[in-house]
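Please read the structure below before turning to the comments.
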Amino acid sequence: MISLHLALTSLKRKHNGAVSFAIIVIIAACFFNVILSTGEVNSSFESQSEKLNGTDCYMLFSPNMYYEDFAAFLEAKEHVTGVNAEDVISFSGKYYSPNISSPSPASMFIQNINVERSISLINILNPQENKSGVYLPIAFQELGYKIGSSFILRDSSEQEYTYEILGFCYVSEFGAVTNFLQTRIVVTADVFHELSSNFGTKTLLNFTVDDNAALHYIESQLVDYSSAYTRNTQCIEMAAARPDFSVAFTLFASIISTIIIAFSGVIFMVALIMAIYRIKSGITENLTAIGTLKALGYTSRQIALGYVFEYIIISFISSIIGTLFSYACSPLYHKILILITGVFIKNTAHISLDIIIILIITLLIGLAAYLSTAGVKKLPVAVILRGGLLSHNIKTNAVELEHAKGSIHQILCLKNWIMFKKQNISTCIIITIVSFTLCFGFILFEGFGINDSFIKNLLDNEITEANITLDDHADIEEISKIIDSNENVLKIIRIGFESVTIDNTSYNARVIDNFNNLESIKISDGSFPVNDNEIAVSVHVASLLSKSIGDVITLNSIGIKADYIISGITSSIMSYNTYLTEDGYKRLYAAYAPSTICAYLDKGYTYEQFADFIFNKFGYTQSELLSGIVSANTNNKYSAIKNMIDSKMIKLKQNYNIDSMEYALNIDGNTVLSSGTSAYPIKDVYSNTSLLAGYLNVFKLAFGLLATFILVITLIIIFVVLSIMVKQTVNAKKPEFGILKALGFTTGELRKQLTFCLLPSAIVGAFLGSFIAYGITLPFVTKLFSLVGWRGFQYELPSIITLLSAAIIIISFTYMASYFLTSKIKHISAYELIEN
Amino acid sequence: MNKLFLQTKQLCKTFSSDGQQQHVLCNLDIDIYEGDFTIIMGSSGSGKTTLLYALSGMDTPTLGKIIFQGTEIQDFNSDELANFRKKHCGFVFQNIYLLENMSILDNVLTAGYLVNNNKPEIIKRAKELFLQVGLTEEIWRKFPSQLSGGEKQRAALIRSLINEPDILFADEPTGALNSSSGKDVLDILTKVNQKGQSIVMVTHDIKAAIRANRIIYLMDGKVCGELHLAKYSEANMEERSKKARDFLQQNNW
């Protein structure tokens, strides 16, 4: 009771200092609570998927390429627990909402709200009856899209479709705006009808399994079955299995969670250091009072417990406030996670967890306080009453003015620094810790949010400014020559997007004419194939096959098999890519011809200029023709009819896998119109650089939010720590400041002395923290990725400018905050300072 | 009579606390002359120390003027006052107020370096002054906590004199010292005054007061009497003492 009484008396007397310390504990408790309450992102992902019966595998069939027998085939398979097929619109273009964003490139599935489905259910959060419009994934809400505003789709021919946003939905796997596969949006029946009449529909086949290990095998079997059934190896346009994309989604969420967990730990460490520092300096300041209490008969234990109780009371109350704050802060953290993962995260109360966190924080700070009170116990009363002096001859003059160099202000600043060396070391440690976290956040922000090389690496696709997909029967040699002749085209590569099976499992085969020209796809180990019996595979594929460089794998394409030696491994965690030379692939398919030309453009030469160049050389693309915009813009009657006929024929050709079609319109024996599908050798022209920019925008937003969040909290912590330090220093040095003022030192000079005294700690701490962060980030990220099964990735550390800018922010802020905090001196006259 | 050096006109200082006002100095008119050793005396609460702090620019008056060598200083901002103190004033306190974390040499040099950039010159002067007041080199290196009260006050005196101030203010410099140490300090003050140093000193000690040229007696913030001792021989301390005693008795001392 006596100790508690001492603690309460002390708290009443020094409420300002208690508040500063409490702020740090509040922030630490708040962060811990936010993190622990959210739990594992992976488990959120899984539980949401389970609730909505998320698909384990989806396949998108080309128009008229899906048959009900496929579903029957799957249902008959062991491990398959459910099959569902529905018509969707596969949209590639851009989307935006006025006043929110500029158009973002996207590839999305548009689904009909009225369709009943048994797999990958859609949960509409705010359904509206009898209205026409769209429901967007929950992540769009975090991007600023609002109910009632317009959502605009813009297709490749710049045609726009505007709909009202009716609400938001969450879907099990494709709700994220950042995923590398598809975004799903849900539309009312009338909107679906309108869009499908423009873009047609494709069939999305979903199935679930009870054993993920069997997934790829079943998927491969269906690929083979459907290819044989349709006699078309390209009948499936797109396929993905849950483990692949869940890893990608949770990877970034894991990075963000880890940063915030580390940050919470850092803040908690700061709180502990501050507790220890405050108790120790409190003991030094109150030695006379402590001595008096001892002289009156208080025991050392009672006095020490008084300090412990004081900090237990502060920590307990602050932890409760921090916990309450966490409920207010969670939405921001959830916003970041939703943006990246698309996983819907709800705010829920978790009282038992809250109590545990409050108790842990209180006990740890109580323990730190107990250990710091050792000083009280050691000193005899006489020594304490002498102000802690063991004898009168203990002082040494570290800086003698007689011999010191520099101005009196610089010398006094140095003397102050030495005098408060313990405080400065504490400040230095704290600034090192917070700088480390800040730089760590900055580095990851630059690495993942700004720098595109990491995402390029993840995608395992060649990112070029212009991509030209060719008709099956186009003369690629001729087209390549024409494109290459454009002086603004730096170089081209020809890629074939093919499919092969290895051990009955389907994989992508990227057939590339010249690996030396690749810029985005990077080999992490070994080399790209040179000879026709060599192959490179992604690290993911290597892991699935349990193969490494030098091993031989057997590829199968429509019954033809060939052996290849693995020459290299690319670093993408997601991709099912294998890489072959053109001659290498011809061993499987002798009639192979590349389907895509990728062009690298000169700086200053835009994609739009290149698209004009293609139009001038080859006319409309098939995609432009199919969009209907060409005929709509044609005034000449015959030309409009021609365009319409041409687009119909292209549709027929695509739907029925016909080689080519020609026609002629004769009126009275005269040929009025004649054309054919061969007149349109270019299927489509697009830029996947802008697609990448679309992905990056969301990452930039999410990591930007996180970096800003960390920056603000870091600055608050620095400010609170400095306010404690400066307040303590000013109180301790009040008489000294008074004397110096009486001697003629101005307030400004004294403030600068104090501020500059703190600066070395800030400079050392900021640079040390930044350098440690710089050194530790790479091993940390490597470890993190290896935990999710990704080894051998390539991650470029950001420039030294990032490191310096973070350190400079901290140093400048420390200087400004210290100078501001020392303004207290300004209001005290020399007379008052001396008398106090 | 010496040249008018420092002057107050209708000087008032009022302190407010809990809505109540205390008028410590009331319309005070005082003239201080160059080279004089002026003593301010008065009972406790008469406003002596407040006047000293106002004259030295350590505190600002509520009303009235303080004119130093023709310049009004009462409206100076804090930096201008700091500059004024630095250039023109020296100060000795009853509680000495040496900087505890510095050796006494450093205490003196801190004041010296602030005004004069010529460090060797300051160091030389400081050492001369130390020797003049009887502080040996061994003592210069010590910290205030290692010295006696008299030694500390002598060090403080050197700190106040290091910049050769136009005027030296002393607030009961012997108040915390034993009689022997007090006498030493007074001897030093008398000696520097004889060399032309203007001094304004607050004291309760009649032995200190009789060393002055002039005694100003304050009561309730007003001047209620003045005694000019300059006309009495410095050699005849008894006569000075008697005159001072009579003067103080007239003022109900």
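Labels for the structure tokens follow display order: chains A, B, ..., residues from 1 in each chain, ligands from 1.
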Pick out the chain B residues within 7 Å of chain A. Count only C-alpha atoms. Give them as a short mmCIF file (atom, residue, chain, number, x, y, z; two decimals) with all heavy atoms, in the first residue's frame.
data_model
loop_
_atom_site.label_atom_id
_atom_site.label_comp_id
_atom_site.auth_asym_id
_atom_site.auth_seq_id
_atom_site.Cartn_x
_atom_site.Cartn_y
_atom_site.Cartn_z
N MET B 58 17.95 41.43 -16.44
CA MET B 58 17.60 40.02 -16.24
C MET B 58 16.08 39.85 -16.13
O MET B 58 15.55 38.76 -16.22
CB MET B 58 18.25 39.50 -14.96
CG MET B 58 19.75 39.47 -15.09
SD MET B 58 20.42 37.86 -14.88
CE MET B 58 20.44 37.75 -13.12
N ASP B 59 15.41 40.94 -15.88
CA ASP B 59 13.96 40.92 -15.79
C ASP B 59 13.46 42.23 -16.39
O ASP B 59 14.23 43.21 -16.49
CB ASP B 59 13.54 40.80 -14.31
CG ASP B 59 12.15 40.19 -14.18
OD1 ASP B 59 11.53 39.92 -15.24
OD2 ASP B 59 11.69 40.00 -13.04
N ASP B 79 16.53 38.77 -26.67
CA ASP B 79 17.85 38.67 -27.29
C ASP B 79 18.65 39.97 -27.10
O ASP B 79 19.85 39.93 -26.86
CB ASP B 79 17.72 38.36 -28.80
CG ASP B 79 17.38 36.91 -29.03
OD1 ASP B 79 17.34 36.14 -28.04
OD2 ASP B 79 17.13 36.53 -30.19
N ALA B 82 19.85 39.99 -23.64
CA ALA B 82 20.99 39.08 -23.49
C ALA B 82 22.25 39.75 -24.00
O ALA B 82 23.32 39.67 -23.39
CB ALA B 82 20.72 37.79 -24.25
N ASN B 83 22.12 40.43 -25.11
CA ASN B 83 23.24 41.15 -25.69
C ASN B 83 23.74 42.27 -24.77
O ASN B 83 24.94 42.49 -24.62
CB ASN B 83 22.78 41.73 -27.04
CG ASN B 83 23.92 41.79 -28.01
OD1 ASN B 83 24.87 41.00 -27.91
ND2 ASN B 83 23.84 42.72 -28.94
N ARG B 85 23.38 42.36 -21.48
CA ARG B 85 24.05 41.75 -20.32
C ARG B 85 25.47 41.32 -20.70
O ARG B 85 26.43 41.52 -19.96
CB ARG B 85 23.27 40.52 -19.82
CG ARG B 85 21.94 40.85 -19.19
CD ARG B 85 21.38 39.63 -18.45
NE ARG B 85 21.07 38.50 -19.29
CZ ARG B 85 19.89 38.31 -19.87
NH1 ARG B 85 18.90 39.19 -19.70
NH2 ARG B 85 19.68 37.25 -20.61
N LYS B 86 25.54 40.72 -21.89
CA LYS B 86 26.83 40.20 -22.35
C LYS B 86 27.87 41.31 -22.50
O LYS B 86 29.01 41.18 -22.08
CB LYS B 86 26.59 39.49 -23.70
CG LYS B 86 27.78 38.86 -24.33
CD LYS B 86 27.38 37.99 -25.51
CE LYS B 86 27.10 38.82 -26.74
NZ LYS B 86 26.80 37.97 -27.91
N TYR B 97 26.00 30.39 -7.95
CA TYR B 97 25.58 29.90 -9.26
C TYR B 97 26.72 29.71 -10.25
O TYR B 97 26.71 30.22 -11.36
CB TYR B 97 24.53 30.83 -9.88
CG TYR B 97 23.22 30.84 -9.16
CD1 TYR B 97 22.59 32.04 -8.84
CD2 TYR B 97 22.58 29.65 -8.79
CE1 TYR B 97 21.37 32.06 -8.19
CE2 TYR B 97 21.36 29.68 -8.13
CZ TYR B 97 20.77 30.87 -7.83
OH TYR B 97 19.58 30.89 -7.19
N LEU B 99 28.58 27.08 -12.73
CA LEU B 99 28.09 25.91 -13.47
C LEU B 99 28.75 24.67 -12.88
O LEU B 99 29.97 24.53 -12.95
CB LEU B 99 28.41 26.05 -14.96
CG LEU B 99 27.71 27.24 -15.63
CD1 LEU B 99 28.39 27.60 -16.94
CD2 LEU B 99 26.24 26.96 -15.85
N ASP B 106 36.79 26.84 -16.46
CA ASP B 106 35.83 26.76 -17.57
C ASP B 106 34.64 27.69 -17.33
O ASP B 106 34.10 28.28 -18.27
CB ASP B 106 35.32 25.32 -17.73
CG ASP B 106 36.35 24.45 -18.44
OD1 ASP B 106 37.41 24.98 -18.81
OD2 ASP B 106 36.08 23.24 -18.62
N LEU B 109 35.94 31.01 -18.39
CA LEU B 109 36.16 31.07 -19.84
C LEU B 109 34.84 31.06 -20.61
O LEU B 109 34.74 31.65 -21.69
CB LEU B 109 37.04 29.91 -20.30
CG LEU B 109 38.48 29.92 -19.75
CD1 LEU B 109 39.27 28.73 -20.32
CD2 LEU B 109 39.20 31.22 -20.06
N THR B 110 33.83 30.37 -20.06
CA THR B 110 32.51 30.34 -20.72
C THR B 110 32.01 31.78 -20.91
O THR B 110 31.48 32.12 -21.97
CB THR B 110 31.51 29.53 -19.88
OG1 THR B 110 31.99 28.20 -19.78
CG2 THR B 110 30.13 29.51 -20.51
N ALA B 111 32.16 32.57 -19.87
CA ALA B 111 31.72 33.97 -19.99
C ALA B 111 32.66 34.75 -20.91
O ALA B 111 32.21 35.55 -21.73
CB ALA B 111 31.70 34.60 -18.61
N TYR B 113 34.71 33.69 -23.42
CA TYR B 113 34.64 33.31 -24.85
C TYR B 113 33.39 33.86 -25.53
O TYR B 113 33.34 34.03 -26.74
CB TYR B 113 34.62 31.78 -25.00
CG TYR B 113 35.95 31.08 -24.73
CD1 TYR B 113 36.03 29.69 -24.82
CD2 TYR B 113 37.10 31.80 -24.43
CE1 TYR B 113 37.23 29.03 -24.59
CE2 TYR B 113 38.30 31.14 -24.18
CZ TYR B 113 38.36 29.77 -24.26
OH TYR B 113 39.54 29.11 -24.03
N LEU B 114 32.36 34.08 -24.70
CA LEU B 114 31.10 34.57 -25.29
C LEU B 114 31.27 35.96 -25.88
O LEU B 114 30.62 36.32 -26.86
CB LEU B 114 30.02 34.58 -24.18
CG LEU B 114 28.60 34.94 -24.62
CD1 LEU B 114 28.04 33.90 -25.57
CD2 LEU B 114 27.69 35.07 -23.40
N ILE B 123 42.22 33.68 -21.75
CA ILE B 123 42.83 32.73 -20.81
C ILE B 123 43.86 33.46 -19.93
O ILE B 123 43.90 33.30 -18.71
CB ILE B 123 43.49 31.55 -21.57
CG1 ILE B 123 42.41 30.72 -22.27
CG2 ILE B 123 44.33 30.67 -20.65
CD1 ILE B 123 42.92 29.75 -23.31
N SER B 145 31.89 21.96 -6.72
CA SER B 145 31.55 21.14 -5.53
C SER B 145 32.80 20.81 -4.70
O SER B 145 32.68 20.37 -3.56
CB SER B 145 30.86 19.86 -5.96
OG SER B 145 31.73 19.10 -6.78
N GLN B 146 33.96 21.04 -5.29
CA GLN B 146 35.20 20.72 -4.57
C GLN B 146 35.81 21.93 -3.87
O GLN B 146 36.89 21.84 -3.30
CB GLN B 146 36.21 20.12 -5.57
CG GLN B 146 35.74 18.79 -6.15
CD GLN B 146 36.52 18.38 -7.37
OE1 GLN B 146 36.78 19.19 -8.25
NE2 GLN B 146 36.91 17.13 -7.41
#
Quiz prompt | DSSP strand (DSSP E) residues within range 4-228 of chain B, as a ChimeraX atom specification | solution = /B:4-17,20-33,37-42,63-68,71-72,89-92,167-171,198-202,214-219,222-228
Quiz prompt | Distance criterion (only C-alpha atoms): nearest to Asp475 in chain A out of A:Thr437, A:Ser678, A:Ser557, A:Asn504 | solution = A:Ser678
Quiz item: Skipping near chain neighbours, those fewer than 5 positions away, what residues fall within 8 Å of range 508-521 of chain A using only C-alpha atoms, listed as a ChimeraX atom specification?
Solution: /A:453,456-457,460-463,491-500,528-529,570,576-582,585,594
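Atom pair CA of Ser227 in chain A / CA of Met108 in chain A: separated by 24.6 Å.
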Quiz item: What lies within 7 Å of range 20-36 of chain A using only C-alpha atoms, ignoring chain neighbours under 4 positions off, as a ChimeraX atom specification?
Solution: /A:16,261,264,267-268,271,314-315,318-319,321-323,325-326,330,354,717,720,724
Practice problem: Within 8 Å of Glu662 in chain A, counting only C-alpha atoms, which residues show up once you throw out same-chain ones fewer than 3 positions away? Write them as a PyMOL selection string, please. | Solution: chain A and resi 674-678
Quiz item: Taking into account only C-alpha atoms, which residue in the set B:Asp246, B:Glu137, B:Asp171, B:Asp36 is nearest to Lys195 in chain B?
Solution: B:Asp36
Practice problem: Enter the distance from CA of Ser120 in chain A to CA of Ala241 in chain A, in Å, rounded to one decimal. | Solution: 12.8 Å
Practice problem: Check the DSSP output for the backbone and give back, as JSON, numbers by chain, the residues of range 510-711 of chain A in alpha helix (DSSP H). | Solution: {"A": [539, 540, 541, 542, 543, 544, 545, 582, 583, 584, 585, 586, 607, 608, 609, 610, 611, 612, 613, 614, 615, 616, 617, 618, 622, 623, 624, 625, 626, 627, 629, 630, 631, 632, 637, 638, 639, 640, 641, 642, 643, 644, 645, 646, 647, 648, 649, 650, 651, 652, 653, 654, 655, 688, 689, 690, 691, 692, 693, 694, 695, 696, 697, 698, 699, 700, 701, 702, 703, 704, 705, 706, 707, 708, 709, 710, 711]}
